[in-house]
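K.L.:
What follows is upload.cif, mmCIF, C-alpha atoms.
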```
data_my_file
#
loop_
_atom_site.label_atom_id
_atom_site.label_comp_id
_atom_site.auth_asym_id
_atom_site.auth_seq_id
_atom_site.Cartn_x
_atom_site.Cartn_y
_atom_site.Cartn_z
CA MET A 197 -141.89 -115.16 89.36
CA THR A 198 -139.77 -114.81 92.48
CA SER A 199 -140.37 -111.46 94.10
CA LEU A 200 -137.43 -109.13 94.75
CA LEU A 201 -138.55 -108.88 98.34
CA SER A 202 -138.29 -112.61 98.95
CA LEU A 203 -134.83 -112.63 97.31
CA PHE A 204 -133.77 -109.80 99.59
CA GLY A 205 -135.24 -111.52 102.63
CA SER A 206 -133.54 -114.80 101.84
CA PHE A 207 -130.08 -113.27 101.47
CA ALA A 208 -130.56 -110.97 104.46
CA LYS A 209 -131.38 -114.00 106.60
CA ILE A 210 -128.28 -115.80 105.34
CA GLY A 211 -126.17 -112.69 106.02
CA ALA A 212 -127.57 -112.30 109.50
CA PHE A 213 -127.06 -115.85 110.72
CA THR A 214 -123.77 -117.05 109.25
CA ILE A 215 -120.80 -116.37 111.42
CA GLY A 216 -117.41 -117.33 110.07
CA GLY A 217 -117.23 -115.53 106.76
CA GLY A 218 -117.85 -116.33 103.12
CA TYR A 219 -117.10 -120.03 102.89
CA ALA A 220 -119.53 -120.78 105.72
CA MET A 221 -122.28 -119.00 103.77
CA ILE A 222 -122.10 -121.10 100.59
CA PRO A 223 -123.82 -124.30 101.87
CA ILE A 224 -126.49 -122.17 103.55
CA ILE A 225 -127.17 -120.23 100.34
CA GLU A 226 -127.41 -123.55 98.51
CA ARG A 227 -129.87 -124.97 101.03
CA ASP A 228 -132.04 -121.89 100.72
CA VAL A 229 -132.10 -121.18 96.96
CA VAL A 230 -131.72 -124.76 95.66
CA ASP A 231 -133.31 -127.13 98.19
CA LYS A 232 -135.89 -124.94 99.88
CA HIS A 233 -137.13 -122.45 97.25
CA HIS A 234 -136.09 -124.31 94.05
CA TRP A 235 -135.17 -120.98 92.46
CA ILE A 236 -132.26 -122.58 90.59
CA ASP A 237 -131.15 -126.18 90.20
CA LYS A 238 -128.04 -127.73 91.67
CA GLU A 239 -125.98 -127.81 88.43
CA ASP A 240 -126.60 -124.11 87.82
CA PHE A 241 -125.63 -123.36 91.41
CA ILE A 242 -122.30 -125.16 91.01
CA ASP A 243 -121.61 -123.35 87.71
CA LEU A 244 -122.23 -120.03 89.46
CA LEU A 245 -120.01 -121.04 92.37
CA VAL A 246 -117.11 -121.63 89.96
CA ILE A 247 -117.52 -118.07 88.64
CA ALA A 248 -117.83 -116.61 92.16
CA GLN A 249 -114.65 -118.36 93.28
CA THR A 250 -112.71 -117.33 90.19
CA ALA A 251 -113.58 -113.65 90.56
CA PRO A 252 -111.84 -111.41 93.09
CA GLY A 253 -113.87 -109.83 95.88
CA ILE A 254 -116.06 -111.11 98.67
CA LEU A 255 -117.22 -114.64 97.86
CA ALA A 256 -120.66 -114.34 99.47
CA VAL A 257 -121.30 -111.06 97.63
CA ASN A 258 -120.16 -112.57 94.31
CA MET A 259 -122.46 -115.53 94.84
CA ALA A 260 -125.42 -113.31 95.82
CA ILE A 261 -124.92 -111.23 92.64
CA LEU A 262 -124.83 -114.33 90.43
CA VAL A 263 -127.78 -116.08 92.03
CA GLY A 264 -129.84 -112.88 92.08
CA ASN A 265 -129.00 -112.18 88.44
CA LYS A 266 -129.94 -115.72 87.41
CA ILE A 267 -133.36 -115.38 89.04
CA ARG A 268 -134.35 -111.76 88.44
CA GLY A 269 -131.70 -110.08 86.25
CA TRP A 270 -129.74 -107.02 87.38
CA LYS A 271 -132.42 -105.98 89.87
CA GLY A 272 -132.17 -109.39 91.49
CA ALA A 273 -128.38 -109.08 91.60
CA LEU A 274 -128.56 -105.71 93.39
CA VAL A 275 -131.22 -106.83 95.85
CA SER A 276 -129.44 -110.09 96.73
CA ALA A 277 -126.03 -108.49 97.21
CA PHE A 278 -127.38 -105.74 99.43
CA GLY A 279 -129.46 -108.27 101.32
CA ALA A 280 -126.36 -110.36 102.05
CA ALA A 281 -124.35 -107.33 103.16
CA LEU A 282 -126.95 -105.35 105.12
CA PRO A 283 -127.12 -107.39 108.37
CA SER A 284 -123.31 -107.42 108.76
CA PHE A 285 -123.22 -103.73 107.96
CA VAL A 286 -125.79 -102.82 110.61
CA ILE A 287 -124.39 -105.10 113.32
CA ILE A 288 -120.76 -104.11 112.81
CA LEU A 289 -121.67 -100.42 112.61
CA CYS A 290 -123.37 -100.67 116.02
CA PHE A 291 -120.20 -102.28 117.41
CA ALA A 292 -118.01 -99.60 115.85
CA ILE A 293 -120.11 -96.75 117.29
CA PHE A 294 -120.36 -98.41 120.70
CA LEU A 295 -116.69 -99.35 120.96
CA THR A 296 -115.45 -95.93 119.84
CA GLN A 297 -117.21 -94.54 122.88
CA TYR A 298 -116.39 -97.21 125.42
CA LYS A 299 -113.10 -98.70 124.29
CA ASP A 300 -111.24 -96.96 127.13
CA SER A 301 -113.53 -98.30 129.84
CA ALA A 302 -111.74 -100.69 132.20
CA ILE A 303 -113.66 -103.80 131.22
CA PHE A 304 -113.08 -103.44 127.45
CA VAL A 305 -109.41 -102.66 127.97
CA LYS A 306 -109.08 -105.93 129.92
CA ILE A 307 -111.08 -107.95 127.39
CA PHE A 308 -109.25 -106.69 124.31
CA LYS A 309 -105.82 -106.93 125.91
CA ALA A 310 -106.35 -110.69 126.22
CA VAL A 311 -108.31 -111.11 122.96
CA ARG A 312 -105.76 -109.40 120.67
CA PRO A 313 -102.99 -112.03 120.94
CA ALA A 314 -105.67 -114.71 120.42
CA VAL A 315 -106.81 -112.93 117.24
CA VAL A 316 -103.25 -112.90 115.90
CA ALA A 317 -103.23 -116.70 116.36
CA LEU A 318 -106.54 -116.94 114.45
CA ILE A 319 -104.86 -115.16 111.51
CA ALA A 320 -101.72 -117.34 111.77
CA VAL A 321 -103.59 -120.67 111.64
CA PRO A 322 -104.92 -120.29 108.03
CA VAL A 323 -101.34 -119.70 106.84
CA PHE A 324 -100.52 -123.31 107.70
CA ASN A 325 -103.89 -124.72 106.63
CA LEU A 326 -103.71 -122.98 103.22
CA ALA A 327 -100.09 -124.06 102.73
CA LYS A 328 -101.33 -127.63 103.05
CA THR A 329 -104.26 -127.23 100.61
CA ALA A 330 -102.12 -125.34 98.06
CA LYS A 331 -99.57 -128.20 98.35
CA VAL A 332 -96.67 -125.92 99.22
CA THR A 333 -93.48 -127.98 99.53
CA TRP A 334 -89.96 -127.23 100.78
CA LYS A 335 -89.14 -126.43 97.15
CA THR A 336 -91.87 -123.79 96.79
CA CYS A 337 -92.18 -122.40 100.32
CA TRP A 338 -89.70 -119.63 99.50
CA ILE A 339 -92.42 -117.89 97.45
CA PRO A 340 -94.84 -117.17 100.33
CA ALA A 341 -91.83 -116.51 102.59
CA LEU A 342 -90.48 -113.91 100.17
CA VAL A 343 -93.94 -112.32 99.75
CA ALA A 344 -94.41 -112.14 103.53
CA LEU A 345 -90.96 -110.59 104.05
CA ALA A 346 -91.53 -108.01 101.29
CA ILE A 347 -94.77 -106.83 102.90
CA TRP A 348 -93.66 -107.15 106.52
CA GLN A 349 -90.14 -105.71 106.31
CA LEU A 350 -90.02 -103.70 103.06
CA ASN A 351 -93.50 -102.23 103.37
CA ILE A 352 -94.52 -103.35 99.88
CA SER A 353 -98.27 -103.31 99.18
CA PRO A 354 -100.06 -106.72 99.22
CA ILE A 355 -102.04 -105.57 96.16
CA LEU A 356 -98.78 -105.06 94.28
CA MET A 357 -97.68 -108.55 95.31
CA ILE A 358 -100.95 -109.96 93.91
CA ILE A 359 -100.44 -108.16 90.57
CA VAL A 360 -96.79 -109.21 90.30
CA GLY A 361 -97.63 -112.79 91.34
CA GLY A 362 -100.37 -113.05 88.71
CA VAL A 363 -98.13 -111.71 85.94
CA ILE A 364 -95.27 -114.06 86.87
CA GLY A 365 -97.69 -117.01 86.99
CA ALA A 366 -98.95 -116.17 83.48
CA ILE A 367 -95.39 -115.76 82.13
CA MET A 368 -94.40 -119.11 83.62
CA ALA A 369 -97.38 -120.74 81.89
CA TYR A 370 -96.29 -119.13 78.60
CA CYS A 371 -92.71 -120.40 78.97
CA GLN A 372 -93.91 -123.88 79.80
CA MET A 373 -96.13 -123.93 76.69
CA ASN A 374 -93.25 -122.78 74.50
CA LYS A 375 -91.04 -125.50 75.93
CA GLN A 376 -93.68 -128.12 75.22
CA LYS A 377 -94.11 -126.87 71.66
CA LYS A 378 -90.35 -127.05 71.04
CA GLU A 379 -90.18 -130.57 72.42
CA GLU A 380 -93.06 -131.60 70.20
CA ALA A 381 -91.36 -130.02 67.18
CA GLN A 382 -88.14 -131.90 67.91
CA GLN A 383 -90.00 -135.17 68.06
CA MET B 74 -111.23 -85.67 101.06
CA ILE B 75 -111.69 -88.68 103.30
CA TYR B 76 -114.72 -90.13 101.48
CA LEU B 77 -112.99 -90.19 98.12
CA GLN B 78 -109.91 -91.79 99.70
CA LEU B 79 -112.08 -94.38 101.44
CA PHE B 80 -113.88 -95.13 98.18
CA LEU B 81 -110.69 -95.55 96.13
CA THR B 82 -108.97 -97.64 98.80
CA PHE B 83 -111.82 -100.12 99.26
CA PHE B 84 -112.61 -100.23 95.53
CA LYS B 85 -108.99 -101.28 94.97
CA ILE B 86 -109.27 -103.96 97.65
CA GLY B 87 -112.47 -105.32 96.07
CA LEU B 88 -110.84 -105.31 92.62
CA PHE B 89 -107.71 -107.23 93.61
CA GLY B 90 -109.22 -109.22 96.47
CA PHE B 91 -108.17 -112.70 95.36
CA GLY B 92 -107.75 -115.52 97.84
CA GLY B 93 -110.62 -115.14 100.29
CA GLY B 94 -111.32 -113.20 103.47
CA TYR B 95 -107.95 -113.49 105.19
CA ALA B 96 -106.02 -112.42 102.10
CA MET B 97 -108.30 -109.38 101.81
CA LEU B 98 -107.70 -108.72 105.49
CA SER B 99 -104.00 -108.43 104.72
CA MET B 100 -104.74 -105.83 102.02
CA ILE B 101 -107.11 -103.94 104.31
CA GLN B 102 -104.52 -103.91 107.10
CA PHE B 103 -101.84 -102.57 104.80
CA GLU B 104 -104.07 -99.86 103.35
CA ILE B 105 -105.76 -98.60 106.52
CA VAL B 106 -103.02 -99.11 109.14
CA GLU B 107 -99.70 -98.88 107.28
CA HIS B 108 -100.54 -96.75 104.24
CA HIS B 109 -103.25 -94.43 105.59
CA PRO B 110 -103.25 -93.48 109.30
CA TRP B 111 -106.92 -94.39 109.70
CA LEU B 112 -106.70 -97.15 112.31
CA SER B 113 -104.05 -97.88 114.94
CA SER B 114 -102.75 -101.43 115.06
CA THR B 115 -104.73 -101.85 118.29
CA ASP B 116 -107.95 -100.69 116.59
CA PHE B 117 -107.30 -103.04 113.67
CA THR B 118 -106.78 -106.07 115.89
CA ASN B 119 -109.88 -105.19 117.92
CA MET B 120 -111.80 -104.91 114.64
CA VAL B 121 -110.73 -108.38 113.55
CA ALA B 122 -111.87 -109.72 116.92
CA VAL B 123 -115.30 -108.11 116.48
CA SER B 124 -115.53 -109.40 112.86
CA GLN B 125 -114.86 -112.94 114.06
CA ILE B 126 -117.74 -112.95 116.52
CA THR B 127 -120.33 -111.14 114.35
CA PRO B 128 -122.14 -112.55 111.30
CA GLY B 129 -121.29 -111.88 107.69
CA PRO B 130 -118.23 -111.84 105.44
CA ILE B 131 -115.07 -110.41 106.99
CA GLY B 132 -114.61 -108.09 103.98
CA ILE B 133 -117.93 -106.35 104.63
CA ASN B 134 -117.29 -106.24 108.38
CA SER B 135 -113.89 -104.62 108.06
CA ALA B 136 -114.95 -102.11 105.38
CA THR B 137 -117.87 -100.96 107.55
CA TYR B 138 -115.80 -100.77 110.74
CA ALA B 139 -112.82 -99.04 109.11
CA GLY B 140 -115.08 -96.61 107.22
CA TYR B 141 -116.61 -95.49 110.49
CA LEU B 142 -113.33 -95.18 112.38
CA ALA B 143 -111.57 -93.39 109.53
CA SER B 144 -114.27 -90.75 109.03
CA GLY B 145 -116.14 -90.77 112.33
CA THR B 146 -119.41 -90.90 110.36
CA VAL B 147 -121.93 -93.49 109.20
CA LEU B 148 -121.47 -92.13 105.67
CA GLY B 149 -117.85 -93.30 105.80
CA SER B 150 -119.09 -96.83 106.54
CA VAL B 151 -121.56 -96.69 103.65
CA VAL B 152 -118.92 -95.44 101.20
CA ALA B 153 -116.31 -98.06 102.20
CA THR B 154 -118.81 -100.93 102.14
CA LEU B 155 -120.26 -99.98 98.74
CA ALA B 156 -116.76 -99.46 97.34
CA ILE B 157 -115.54 -102.95 98.31
CA MET B 158 -118.67 -104.52 96.75
CA LEU B 159 -118.76 -102.49 93.53
CA PRO B 160 -115.97 -104.26 91.57
CA SER B 161 -117.75 -107.59 92.17
CA PHE B 162 -120.77 -106.42 90.15
CA ILE B 163 -118.62 -105.50 87.17
CA ILE B 164 -116.18 -108.43 87.25
CA VAL B 165 -118.75 -111.12 87.97
CA ALA B 166 -120.94 -109.88 85.09
CA LEU B 167 -118.01 -109.93 82.66
CA LEU B 168 -116.75 -113.26 83.93
CA ALA B 169 -120.18 -114.89 83.62
CA LEU B 170 -120.06 -114.15 79.87
CA ALA B 171 -116.65 -115.73 79.36
CA ILE B 172 -116.17 -118.29 82.13
CA SER B 173 -115.74 -121.27 79.76
CA LYS B 174 -112.95 -119.45 77.90
CA VAL B 175 -111.34 -118.11 81.08
CA LYS B 176 -111.39 -121.48 82.80
CA THR B 177 -109.44 -123.15 80.00
CA ASN B 178 -107.04 -120.26 79.39
CA PRO B 179 -103.52 -121.46 80.28
CA TYR B 180 -102.25 -117.98 81.22
CA PHE B 181 -105.17 -117.39 83.55
CA ASN B 182 -104.69 -120.79 85.17
CA GLY B 183 -100.96 -120.12 85.55
CA ALA B 184 -101.72 -116.81 87.25
CA MET B 185 -104.27 -118.38 89.59
CA LYS B 186 -101.89 -121.19 90.49
CA MET B 187 -99.25 -118.66 91.50
CA LEU B 188 -101.78 -116.54 93.42
CA ARG B 189 -102.80 -119.50 95.58
CA VAL B 190 -99.21 -119.57 96.86
CA VAL B 191 -98.79 -115.78 97.03
CA VAL B 192 -101.87 -115.26 99.25
CA ILE B 193 -100.29 -117.51 101.89
CA GLY B 194 -97.48 -114.93 102.10
CA LEU B 195 -100.06 -112.15 102.37
CA ILE B 196 -101.75 -113.76 105.36
CA ALA B 197 -98.41 -114.56 106.99
CA ALA B 198 -97.43 -110.90 106.63
CA ALA B 199 -100.72 -109.84 108.25
CA ALA B 200 -99.97 -112.03 111.28
CA LEU B 201 -96.33 -110.92 111.48
CA LEU B 202 -97.30 -107.23 111.34
CA LEU B 203 -99.63 -107.81 114.30
CA ILE B 204 -96.89 -109.27 116.47
CA ASN B 205 -96.05 -105.82 117.83
CA GLU B 206 -95.87 -103.91 121.09
CA GLU B 207 -99.57 -102.98 120.97
CA ASN B 208 -100.55 -106.66 121.06
CA PHE B 209 -97.63 -108.38 122.81
CA GLY B 210 -96.43 -105.74 125.28
CA GLU B 211 -93.16 -103.85 125.52
CA GLY B 212 -90.52 -105.41 123.28
CA CYS B 213 -93.13 -108.10 122.40
CA ARG B 214 -92.07 -109.90 125.57
CA ASP B 215 -95.32 -110.17 127.51
CA ILE B 216 -95.49 -113.80 128.64
CA ILE B 217 -99.27 -113.87 129.19
CA SER B 218 -99.91 -112.56 125.66
CA TRP B 219 -97.69 -115.28 124.18
CA ILE B 220 -99.43 -117.96 126.23
CA LEU B 221 -102.81 -116.70 124.93
CA PHE B 222 -101.43 -116.70 121.38
CA GLY B 223 -100.01 -120.22 121.69
CA ALA B 224 -103.07 -121.66 123.40
CA THR B 225 -105.42 -120.19 120.75
CA PHE B 226 -103.20 -121.45 117.92
CA VAL B 227 -103.06 -125.00 119.29
CA ALA B 228 -106.75 -125.08 120.28
CA THR B 229 -108.10 -123.88 116.89
CA LYS B 230 -105.57 -125.70 114.68
CA TRP B 231 -105.43 -129.13 116.31
CA PHE B 232 -108.39 -129.37 118.68
CA LYS B 233 -111.05 -127.90 116.34
CA VAL B 234 -112.08 -125.26 118.89
CA HIS B 235 -114.34 -122.74 117.14
CA PRO B 236 -112.77 -119.26 116.73
CA ILE B 237 -115.75 -117.64 118.49
CA LEU B 238 -115.30 -119.89 121.51
CA ALA B 239 -111.56 -119.12 121.53
CA ILE B 240 -112.27 -115.37 121.58
CA VAL B 241 -114.89 -115.69 124.32
CA ILE B 242 -112.49 -117.73 126.47
CA ALA B 243 -109.71 -115.18 125.94
CA ALA B 244 -112.13 -112.37 126.89
CA VAL B 245 -113.11 -114.13 130.14
CA ILE B 246 -109.44 -114.76 130.96
CA GLY B 247 -108.76 -111.05 130.35
CA ILE B 248 -111.48 -109.99 132.79
CA ILE B 249 -110.12 -112.36 135.45
CA ILE B 250 -106.36 -111.79 135.21
CA TYR B 251 -105.91 -108.16 134.14
#
```
When written as structure tokens, how does the structure in this file appear?

P.N.:
Amino acid sequence: MTSLLSLFGSFAKIGAFTIGGGYAMIPIIERDVVDKHHWIDKEDFIDLLVIAQTAPGILAVNMAILVGNKIRGWKGALVSAFGAALPSFVIILCFAIFLTQYKDSAIFVKIFKAVRPAVVALIAVPVFNLAKTAKVTWKTCWIPALVALAIWQLNISPILMIIVGGVIGAIMAYCQMNKQKKEEAQQ
Amino acid sequence: MIYLQLFLTFFKIGLFGFGGGYAMLSMIQFEIVEHHPWLSSTDFTNMVAVSQITPGPIGINSATYAGYLASGTVLGSVVATLAIMLPSFIIVALLALAISKVKTNPYFNGAMKMLRVVVIGLIAAAALLLINEENFGEGCRDIISWILFGATFVATKWFKVHPILAIVIAAVIGIIIY
């Protein structure tokens, strides 16, 4: 049986060495738990990935919970999730403590003054990349535009926009099904 | 009670955090900069910069960083980080039991289809909120800041420059020119 310690170690290593967020972690988790340790097979891994992507929350944490649970039950889930989160937690906490003390020093003021506009660009780029993958067209681009305006100018909470968006999406699916049923009945 | 507020805020973000790291970043920004006065816009942008160059998911990074800045204690970091992870345990466990039903449910699929479009608006709002005087100078008219913004956008979108490299280059430019 896979020991909890080796599960923890595996996920901690993945958490410590993947820069670039959740999506970058998935192939590395796969290499470790499927190819290297053979803890679960490839089909199971893909099934779990579907669940992790469907659920809200941090993708890497979702995946760690599912893989850990598959191997060692709820203890495995806990150990894997904390393993994945711990390195980021420790590293970022050191940065936070350090920067709170030295953020007004001349060198950091200079660095961050130049880095901040660059960071805004790094957040703007996925807007266009995701619009392409979600196949947003000129006919549908008013939806993200309206959502952005509501948050930006009207100070409406993004969480509220998510809830409203989900409900509207479900209602639209309901209407479409009703329409189809009526058409079928007419035929 | 700052710890309770931190817990509830990050629990909420974990619970509704659809659409990946950048969409969650938009929620985090709204909650900790606009809704609660925990981080200034400058602190938030600095935090995103640090998250980009350190390992791990951006959701964990920002919860830890914001928890510390909001409370001034390590306990604040612990509370925020646990709170953003906690909903995952519950939801993932429930979803694992019913994934085959959920995946074929037309209402759920309709909702998810809409959310894929909505999160684009969330991320756009996050970027727009950061185009402010703290990041782009008085009246948002600082030419150098706009050049750095434009160059980073073009370099990472069309020339496949890695975000970490873009940040490092910007940092070096900052040391030289400011």

K.L.:
Could you state which residues are captured by the PyMOL selection byres ((chain B and resi 236) around 10) in this file, as a PyMOL selection string?

P.N.:
(chain A and resi 216+314-315+317-318) or (chain B and resi 122+125-126+225-226+228-230+233-235+237-242)

K.L.:
Excluding B:Ser113 and any residue of its chain fewer than 3 positions from it, enumerate the residues within 12 Å of it, using all atoms listed in the file, and give them as an MDAnalysis selection string.

P.N.:
chainID B and resid 102:110 116:120 139 142:143 203 205:208

K.L.:
Write a file of the selected residues as a PDB file, in the coordinates of the input, keeping C-alpha atoms.

P.N.:
```pdb
ATOM      1  CA  GLN B 102    -104.520-103.910 107.100  1.00  0.00           C
ATOM      2  CA  PHE B 103    -101.840-102.570 104.800  1.00  0.00           C
ATOM      3  CA  GLU B 104    -104.070 -99.860 103.350  1.00  0.00           C
ATOM      4  CA  ILE B 105    -105.760 -98.600 106.520  1.00  0.00           C
ATOM      5  CA  VAL B 106    -103.020 -99.110 109.140  1.00  0.00           C
ATOM      6  CA  GLU B 107     -99.700 -98.880 107.280  1.00  0.00           C
ATOM      7  CA  HIS B 108    -100.540 -96.750 104.240  1.00  0.00           C
ATOM      8  CA  HIS B 109    -103.250 -94.430 105.590  1.00  0.00           C
ATOM      9  CA  PRO B 110    -103.250 -93.480 109.300  1.00  0.00           C
ATOM     10  CA  ASP B 116    -107.950-100.690 116.590  1.00  0.00           C
ATOM     11  CA  PHE B 117    -107.300-103.040 113.670  1.00  0.00           C
ATOM     12  CA  THR B 118    -106.780-106.070 115.890  1.00  0.00           C
ATOM     13  CA  ASN B 119    -109.880-105.190 117.920  1.00  0.00           C
ATOM     14  CA  MET B 120    -111.800-104.910 114.640  1.00  0.00           C
ATOM     15  CA  ALA B 139    -112.820 -99.040 109.110  1.00  0.00           C
ATOM     16  CA  LEU B 142    -113.330 -95.180 112.380  1.00  0.00           C
ATOM     17  CA  ALA B 143    -111.570 -93.390 109.530  1.00  0.00           C
ATOM     18  CA  LEU B 203     -99.630-107.810 114.300  1.00  0.00           C
ATOM     19  CA  ASN B 205     -96.050-105.820 117.830  1.00  0.00           C
ATOM     20  CA  GLU B 206     -95.870-103.910 121.090  1.00  0.00           C
ATOM     21  CA  GLU B 207     -99.570-102.980 120.970  1.00  0.00           C
ATOM     22  CA  ASN B 208    -100.550-106.660 121.060  1.00  0.00           C
TER      23      ASN B 208
END
```

K.L.:
Please enumerate the residues selected by the PyMOL selection byres ((chain B and resi 191) around 12) when evaluated against the supplied file, formatted as a ChimeraX atom specification.

P.N.:
/A:323,326-327,330,332,336-347,354-365 /B:91-92,96,99,184-190,192-198

K.L.:
From the list A:Ala310, A:Ala212, A:Met197, A:Ala366, which residue is nearest A:Ile288 when using all atoms listed in the file?

P.N.:
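Ranking A:Ala310, A:Ala212, A:Met197, A:Ala366 by distance to A:Ile288, first place goes to A:Ala212.
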
K.L.:
Evaluate the PyMOL selection byres ((chain B and resi 141) around 10) here and jot the selected residues down as JSON, numbers by chain.

P.N.:
{"A": [288, 289, 292, 293, 296], "B": [111, 135, 136, 137, 138, 139, 140, 142, 143, 144, 145, 146, 147, 148, 149, 150, 151, 152, 153]}

K.L.:
Would you mind telling me which residue in A:Gly279, A:Pro223, A:Gly211, A:Gly264 lies nearest to chain B when using all atoms listed in the file?

P.N.:
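Going through A:Gly279, A:Pro223, A:Gly211, A:Gly264 one by one, the smallest distance to chain B is for A:Gly211.
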
K.L.:
Using only C-alpha atoms, pick whichever of B:Gly132, B:Leu77, B:Asn178, B:Arg214 has the shortest atom-to-atom distance to chain A.

P.N.:
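For chain A, the nearest of the candidates is B:Gly132.
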
K.L.:
Excluding A:Asn265 and its own-chain neighbours fewer than 6 positions away, which residues fall within 9 Å of it when counting all atoms listed in the file? Please give them as an NGL selection string.

P.N.:
:A and (271-274 or 276)

K.L.:
Would you write out those residues with C-alpha atoms, as a PDB file, keeping the file's coordinate frame?

P.N.:
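The new file part-v1.pdb reads:
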```pdb
ATOM      1  CA  LYS A 271    -132.420-105.980  89.870  1.00  0.00           C
ATOM      2  CA  GLY A 272    -132.170-109.390  91.490  1.00  0.00           C
ATOM      3  CA  ALA A 273    -128.380-109.080  91.600  1.00  0.00           C
ATOM      4  CA  LEU A 274    -128.560-105.710  93.390  1.00  0.00           C
ATOM      5  CA  SER A 276    -129.440-110.090  96.730  1.00  0.00           C
TER       6      SER A 276
END
```

K.L.:
Between B:Ile131, B:Ala171, B:Ala156, B:Ile220, single out the one closest to chain A, counting only C-alpha atoms.

P.N.:
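The answer is B:Ile131, which sits nearest to chain A.
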
K.L.:
Given only C-alpha atoms as the basis, pick out the residue of B:Ile217, B:Met97, B:Met74, B:Ala244 nearest to chain A.

P.N.:
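Once distances to chain A are computed over only C-alpha atoms, the minimum belongs to B:Ala244.
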